[in-house]
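Here's the structure we're looking at; comments come further down.
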2 protein chains.
Amino acid sequence: MKPINIGLMGVGTVGGGTATVLKRNAEEISRRAGRRIRLFMAANRDTERAREHVGPEVIVVDDAFQIVNHPEVDIVVELIGGTTIARDLVFKAIENGKHVVTANKKLIAEFGNEIFARAQEKGVIVAFEAAVAGGVPIIKALRESLAANRIEWIAGIINGTANYILTEMREKGASFADALADAQRLGYAEADPTFDVEGHDAGHKLTIMASIAFGIPMQFSKCYLEGISQLSSKDISYAEELGYRVKLLGLTRRTDDGIELRVHPTLIPEGRLIANVNGVKNAVLVNCDAAGPTLYYGAGAGALPTASAVVADIVDVTRLLAADPEHHVPLMAFQPDQLRDLPILPIDQVVSSYYLRIQAIDRAGVLANITRILAEDAISIEAVIQKGSIHDGAAEVVILTHRVKEMDVNHAIEAIEALDSVAGPVVRLRMEELNA
Amino acid sequence: MKPINIGLMGVGTVGGGTATVLKRNAEEISRRAGRRIRLFMAANRDTERAREHVGPEVIVVDDAFQIVNHPEVDIVVELIGGTTIARDLVFKAIENGKHVVTANKKLIAEFGNEIFARAQEKGVIVAFEAAVAGGVPIIKALRESLAANRIEWIAGIINGTANYILTEMREKGASFADALADAQRLGYAEADPTFDVEGHDAGHKLTIMASIAFGIPMQFSKCYLEGISQLSSKDISYAEELGYRVKLLGLTRRTDDGIELRVHPTLIPEGRLIANVNGVKNAVLVNCDAAGPTLYYGAGAGALPTASAVVADIVDVTRLLAADPEHHVPLMAFQPDQLRDLPILPIDQVVSSYYLRIQAIDRAGVLANITRILAEDAISIEAVIQKGSIHDGAAEVVILTHRVKEMDVNHAIEAIEALDSVAGPVVRLRMEELNA
């Protein structure tokens with residue numbers, strides 16, 4: 001059978017990894033796919049760099065449009081990133097009837113609805129396993145393996161940089177700034193880490209997972225994002241004393257009022273398997289009505305793990321190349337006419353438990369006042385600990401609440417902050433039991 | 001589009017769960033599959049029991065051959081178990097050109113080669129996600145998600161009964177017998193638990209995973225099986241002192257000399273995520289050259305989790321019903337003409353680390369003698385602890401070795417057992433770092 005011709009757009013870290021995997025495992029891959037999968041063409045602004053990765057037998061160009069327009073390219077692999085040229089290339093490839101494999105979470109989360117609609121019209125596949133959690137095959141799990149289920153919620157550690165920083169803060173008591181510097185030194189964080197530590201990257205991935213889990217359009221703009229840059233190692237250590245780990249979680253949940261879609265630091269019980277996912281690793285916990293809880297763990301980034309997902313998609317597409325589109329797995333897991341426009345819940349309507357840390361000036365009256373305020377807002381308390389001494393000005397009260405609507409806890413916090421016996425703002429972290 | 005007609009053979013626990021899931025999630029499933037999937041016919045010896053599960057609109061028969069011979073049945077679901085009538089039914093279904101979904105690990109592990117060969121000839125699919133680890137979608141992960149990889153090894157906690165017993169033995173210091181009685185009381189173990197606690201069930205699942213991971217024929221008869229019934233809680237507690245947990249692991253590994261295929265109690269470092277998988281849960285850790293280590297965790301048994309896997313397979317098959325077999329994912333992950341007959345390593349050729357517990361009569365000389373014997377067999381020692389007192393006859397030496405061939409450690413054990421200063425047999429457990 002004729003080999004499948006791959007056009008690789010972007011030969012950076014993941015592109016280089018993809019070239020390596022396609023070459024190194026060529027035999028293993030063709031034993032599975034039933035035909036040869038050949039890197040036919042590669043585009044990179046720096047063509048010399050591309051040439052080093054792809055070897056002498058591949059056509060190298062500096063203009064990726066030559067790939068999407070080339071008649072001999074069967075599958076286009078978009079590893080350029082961003083939403084400008086990458087978007088134009090993907091639309092052009094679809095228009096030209098080419099199948100697309102991409103690792104571009106931003107592109108899918110922000111422009112996925114339009115991309116999938118066009119792909120549907122043209123009968124081509126747009127595959128994006130590599131866009132979420134790198135080498136962890138969570139997209140296929142949600143889209144195919146759990147197809148029998150009503151998916152209830154997903155909780156994911158889906159940003160390795162943030163998880164590395166949180167692990168360092170817990171294990172070494174490091175500050176956010178020191179842990180970040182450490183991550184940058186090791187190459188786990190960018191020079192500008194905003195995208196990772198403020199939750200944007202996790203938000204893109206969460207948006208994609210929510211869409212294919214619940215059969216809703218991608219709506220990244222409604223995803224609540226709160227990062228870890230304001231997190232104090234003191235709260236991580238108090239949380240640990242109370243039996244919790246703090247993780248930057250992406251959480252999406254089906255409720256009667258709408259879909260929760262939120263990224264924020266979260267206390268989770270230390271006994272949960274996902275609480276023990278450390279360093280740069282990723283893990284996604286999915287709770288379903290039939291399968292119950294299942295967890296998927298592995299490397300969420302890096303050249304070869306991400307390339308593993310890219311090439312898995314290439315193999316999937318290869319098998320279906322000449323097939324009737326009727327036999328394709330729906331691109332967004334649900335049939336295109338079966339998406340539902342369920343509302344995304346605003347964050348103040350979300351129900352959660354909370355960790356509150358309150359700086360007390362006058363300990364004598366403070367606890368009575370706080371508990372009165374919480375009682376007035378019908379917020380019940382799961383645990384209280386008092387830390388430090390009033391004499392050296394470091395007296396603190398830490399409270400864990402039961403589940404309550406966020407607007408109610410915010411209302412109580414305002415009242416607590418207005419107390420004379422309380423100094424400064426209240427630290428508020430969300431807490432999830434992840435019972436399944 | 002015409003609904004897909006399912007013929008369900010066997011309406012016990014999993015069959016009942018499958019009927020429940022197909023009915024309860026009918027809408028969700030058809031939104032994904034693009035057409036209605038209808039339970040059309042069910043066979044059970046006790047037809048009244050079947051009727052209770054499947055409702056009034058389904059044809060109920062007591063002879064499953066009526067299903068495999070019925071012209072309107074599109075997909076046959078075999079949930080009878082065993083290798084007698086189930087085998088005849090599966091062959092007959094294939095002969096009649098019907099696709100088959102099965103949860104029957106014994107049937108696949110022992111007769112899979114013949115079944116897949118016949119299915120290949122007839123161009124039908126035989127799907128078996130539910131045969132391994134229940135609701136954990138490990139078959140699809142190995143077959144599709146990791147298709148880019150050279151899979152190096154798999155380590156799985158794939159028997160929930162055994163894992164429950166081991167968890168009880170560790171957490172409560174219970175004996176094997178007491179933990180087993182507890183498991184039986186809770187319905188986690190059969191009245192005759194042999195199949196689970198002696199490793200047969202895990203061996204079937206491991207055989208299947210090894211086959212699709214490495215592209216080799218199923219060869220259960222060469223799988224090394226050692227169960228947990230002889231395990232003492234004392235060894236579990238010594239292991240814990242040394243930083244290890246004891247798990248019944250199914251292990252398969254590609255080596256230069258052949259494929260390791262073995263089920264046995266295994267010490268693993270407590271820091272590994274898989275070491276913290278407790279109770280009846282299952283988890284499979286897969287190490288690959290590109291993706292690195294990935295782990296899949298969830299419910300390994302039970303009506304609904306297993307039904308989740310059965311119905312996922314039904315949805316997969318539904319999508320491909322009218323497709324050219326060229327577009328099928330190969331049943332055994334690799335193309336049928338691409339299987340390799342790699343040798344399975346005999347257990348005495350396997351390389352592992354070992355935990356040895358030695359009963360000492362005369363402590364003075366014993367350690368010197370033991371270390372001399374180990375040195376003579378070129379076995380190096382990672383750790384030694386001495387337990388108990390020589391005076392009350394409970395002096396013991398526990399040794400952890402570095403990696404060594406099993407025949408060499410066995411040779412050393414023979415020599416140790418022959419020492420005058422040593423009483424009774426040496427307890428030997430294998431130990432795996434699961435470095436990835």
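The chains in the structure tokens are called A, B, ... from first to last as shown; in each chain the residues are counted from 1, and the ligands are counted from 1 in the order shown.
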If you run DSSP over the backbone, which residues in segment 191-430 of chain B end up alpha helix (DSSP H)? Put them as number ranges by chain.
-> B: 194-197, 200-214, 233-241, 303-320, 363-376, 406-417
Per residue of chain B within 8 Å of chain A, note the shortest atom pair and the distance in Å to one decimal, counting only C-alpha atoms, and order the rows by chain and increasing residue number, as a Markdown table.
```
| residue | atom | partner | partner_atom | distance |
| --- | --- | --- | --- | --- |
| B:Val21 | CA | A:Ala148 | CA | 7.0 |
| B:Leu22 | CA | A:Ala148 | CA | 7.6 |
| B:Asn25 | CA | A:Asn149 | CA | 6.7 |
| B:Glu28 | CA | A:Arg150 | CA | 6.7 |
| B:Ile29 | CA | A:Ala148 | CA | 5.7 |
| B:Arg31 | CA | A:Phe334 | CA | 5.5 |
| B:Arg32 | CA | A:Phe334 | CA | 4.1 |
| B:Ala33 | CA | A:Gln335 | CA | 7.2 |
| B:Gly34 | CA | A:Gln335 | CA | 6.0 |
| B:Gly135 | CA | A:Ala291 | CA | 5.1 |
| B:Val136 | CA | A:Thr294 | CA | 6.5 |
| B:Pro137 | CA | A:Ser145 | CA | 5.9 |
| B:Lys140 | CA | A:Ser145 | CA | 7.3 |
| B:Ala141 | CA | A:Pro137 | CA | 7.1 |
| B:Glu144 | CA | A:Ala312 | CA | 6.5 |
| B:Ser145 | CA | A:Ala312 | CA | 5.5 |
| B:Leu146 | CA | A:Ala312 | CA | 6.3 |
| B:Ala147 | CA | A:Ala312 | CA | 5.4 |
| B:Ala148 | CA | A:Ser308 | CA | 5.4 |
| B:Asn149 | CA | A:Asn25 | CA | 6.7 |
| B:Arg150 | CA | A:Glu28 | CA | 6.7 |
| B:Leu273 | CA | A:Asn276 | CA | 7.0 |
| B:Asn276 | CA | A:Leu273 | CA | 6.9 |
| B:Val277 | CA | A:Leu273 | CA | 7.3 |
| B:Ala290 | CA | A:Leu304 | CA | 4.8 |
| B:Ala291 | CA | A:Pro305 | CA | 3.9 |
| B:Gly292 | CA | A:Pro305 | CA | 6.5 |
| B:Pro293 | CA | A:Gly298 | CA | 5.9 |
| B:Thr294 | CA | A:Gly298 | CA | 4.3 |
| B:Leu295 | CA | A:Tyr297 | CA | 4.9 |
| B:Tyr296 | CA | A:Tyr296 | CA | 4.9 |
| B:Tyr297 | CA | A:Leu295 | CA | 4.9 |
| B:Gly298 | CA | A:Thr294 | CA | 4.3 |
| B:Ala299 | CA | A:Gly292 | CA | 6.9 |
| B:Leu304 | CA | A:Ala290 | CA | 4.8 |
| B:Pro305 | CA | A:Ala291 | CA | 3.9 |
| B:Thr306 | CA | A:Ala291 | CA | 7.2 |
| B:Ala307 | CA | A:Ala290 | CA | 7.3 |
| B:Ser308 | CA | A:Ala291 | CA | 5.4 |
| B:Ala309 | CA | A:Ser145 | CA | 7.0 |
| B:Val311 | CA | A:Ala148 | CA | 5.5 |
| B:Ala312 | CA | A:Ala147 | CA | 5.4 |
| B:Asp313 | CA | A:Ser145 | CA | 7.9 |
| B:Val315 | CA | A:Ala147 | CA | 7.2 |
| B:Asp316 | CA | A:Glu144 | CA | 7.4 |
| B:Arg319 | CA | A:His327 | CA | 5.1 |
| B:Leu320 | CA | A:His327 | CA | 5.6 |
| B:Ala323 | CA | A:His327 | CA | 6.8 |
| B:Asp324 | CA | A:Ala323 | CA | 7.7 |
| B:Glu326 | CA | A:Arg319 | CA | 7.4 |
| B:His327 | CA | A:Arg319 | CA | 5.0 |
| B:His328 | CA | A:Arg319 | CA | 7.1 |
| B:Val329 | CA | A:Arg319 | CA | 7.2 |
| B:Pro330 | CA | A:Arg32 | CA | 7.2 |
| B:Ala333 | CA | A:Arg32 | CA | 6.0 |
| B:Phe334 | CA | A:Arg32 | CA | 4.2 |
| B:Gln335 | CA | A:Arg32 | CA | 5.5 |
| B:Gln338 | CA | A:Arg31 | CA | 5.6 |
```
Test item: residues at most 10 Å from Tyr224 of chain B, only C-alpha atoms, excluding those fewer than 4 positions along its chain, as a PyMOL selection string | chain B and resi 199-200+203+220+250-251+260-264+344-347
Mind writing the picked residues with N, CA, C and O atoms as a PDB file, in the first residue's frame?
```pdb
ATOM      1  N   GLY B 199      -3.664 -16.122  41.218  1.00  0.00           N
ATOM      2  CA  GLY B 199      -3.071 -15.409  40.079  1.00  0.00           C
ATOM      3  C   GLY B 199      -3.566 -15.815  38.707  1.00  0.00           C
ATOM      4  O   GLY B 199      -3.130 -15.235  37.703  1.00  0.00           O
ATOM      5  N   HIS B 200      -4.490 -16.799  38.617  1.00  0.00           N
ATOM      6  CA  HIS B 200      -4.949 -17.213  37.280  1.00  0.00           C
ATOM      7  C   HIS B 200      -5.644 -16.075  36.542  1.00  0.00           C
ATOM      8  O   HIS B 200      -5.403 -15.827  35.365  1.00  0.00           O
ATOM      9  N   GLY B 203      -3.274 -13.603  35.437  1.00  0.00           N
ATOM     10  CA  GLY B 203      -2.491 -14.169  34.333  1.00  0.00           C
ATOM     11  C   GLY B 203      -3.208 -14.071  33.002  1.00  0.00           C
ATOM     12  O   GLY B 203      -2.604 -13.776  31.971  1.00  0.00           O
ATOM     13  N   PHE B 220      -1.004 -17.966  27.233  1.00  0.00           N
ATOM     14  CA  PHE B 220      -1.263 -18.043  28.667  1.00  0.00           C
ATOM     15  C   PHE B 220      -0.531 -19.202  29.320  1.00  0.00           C
ATOM     16  O   PHE B 220      -0.080 -19.093  30.465  1.00  0.00           O
ATOM     17  N   GLY B 250       0.856  -8.150  37.893  1.00  0.00           N
ATOM     18  CA  GLY B 250       1.103  -8.800  36.618  1.00  0.00           C
ATOM     19  C   GLY B 250       2.173  -7.981  35.917  1.00  0.00           C
ATOM     20  O   GLY B 250       2.019  -6.776  35.769  1.00  0.00           O
ATOM     21  N   LEU B 251       3.254  -8.635  35.540  1.00  0.00           N
ATOM     22  CA  LEU B 251       4.393  -7.927  34.948  1.00  0.00           C
ATOM     23  C   LEU B 251       4.747  -8.538  33.613  1.00  0.00           C
ATOM     24  O   LEU B 251       4.923  -9.759  33.508  1.00  0.00           O
ATOM     25  N   GLU B 260       9.204 -11.304  29.388  1.00  0.00           N
ATOM     26  CA  GLU B 260       8.821 -11.742  30.731  1.00  0.00           C
ATOM     27  C   GLU B 260       7.306 -11.708  30.840  1.00  0.00           C
ATOM     28  O   GLU B 260       6.675 -10.762  30.369  1.00  0.00           O
ATOM     29  N   LEU B 261       6.729 -12.732  31.462  1.00  0.00           N
ATOM     30  CA  LEU B 261       5.277 -12.813  31.594  1.00  0.00           C
ATOM     31  C   LEU B 261       5.006 -13.492  32.927  1.00  0.00           C
ATOM     32  O   LEU B 261       5.088 -14.718  33.038  1.00  0.00           O
ATOM     33  N   ARG B 262       4.732 -12.683  33.956  1.00  0.00           N
ATOM     34  CA  ARG B 262       4.727 -13.262  35.303  1.00  0.00           C
ATOM     35  C   ARG B 262       3.789 -12.521  36.239  1.00  0.00           C
ATOM     36  O   ARG B 262       3.679 -11.310  36.208  1.00  0.00           O
ATOM     37  N   VAL B 263       3.115 -13.311  37.069  1.00  0.00           N
ATOM     38  CA  VAL B 263       2.206 -12.783  38.089  1.00  0.00           C
ATOM     39  C   VAL B 263       2.714 -13.283  39.432  1.00  0.00           C
ATOM     40  O   VAL B 263       2.882 -14.487  39.611  1.00  0.00           O
ATOM     41  N   HIS B 264       2.972 -12.377  40.364  1.00  0.00           N
ATOM     42  CA  HIS B 264       3.434 -12.797  41.685  1.00  0.00           C
ATOM     43  C   HIS B 264       3.357 -11.619  42.647  1.00  0.00           C
ATOM     44  O   HIS B 264       3.344 -10.465  42.220  1.00  0.00           O
ATOM     45  N   ILE B 344       8.815 -16.536  25.302  1.00  0.00           N
ATOM     46  CA  ILE B 344       8.485 -16.131  26.673  1.00  0.00           C
ATOM     47  C   ILE B 344       9.586 -16.684  27.579  1.00  0.00           C
ATOM     48  O   ILE B 344       9.907 -17.876  27.511  1.00  0.00           O
ATOM     49  N   LEU B 345      10.161 -15.828  28.399  1.00  0.00           N
ATOM     50  CA  LEU B 345      11.260 -16.246  29.270  1.00  0.00           C
ATOM     51  C   LEU B 345      10.761 -17.173  30.374  1.00  0.00           C
ATOM     52  O   LEU B 345       9.810 -16.832  31.073  1.00  0.00           O
ATOM     53  N   PRO B 346      11.415 -18.322  30.588  1.00  0.00           N
ATOM     54  CA  PRO B 346      11.083 -19.125  31.769  1.00  0.00           C
ATOM     55  C   PRO B 346      11.413 -18.307  33.020  1.00  0.00           C
ATOM     56  O   PRO B 346      12.331 -17.475  32.999  1.00  0.00           O
ATOM     57  N   ILE B 347      10.679 -18.565  34.101  1.00  0.00           N
ATOM     58  CA  ILE B 347      10.809 -17.708  35.278  1.00  0.00           C
ATOM     59  C   ILE B 347      12.235 -17.751  35.843  1.00  0.00           C
ATOM     60  O   ILE B 347      12.712 -16.742  36.368  1.00  0.00           O
TER      61      ILE B 347
END
```
Mind giving me the straight-line distance from atom CA of Ile85 of chain B to atom CA of Pro325 of chain B in Å, one decimal?
->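 Value for the atom CA of Ile85 of chain B-atom CA of Pro325 of chain B distance: 27.3 Å.
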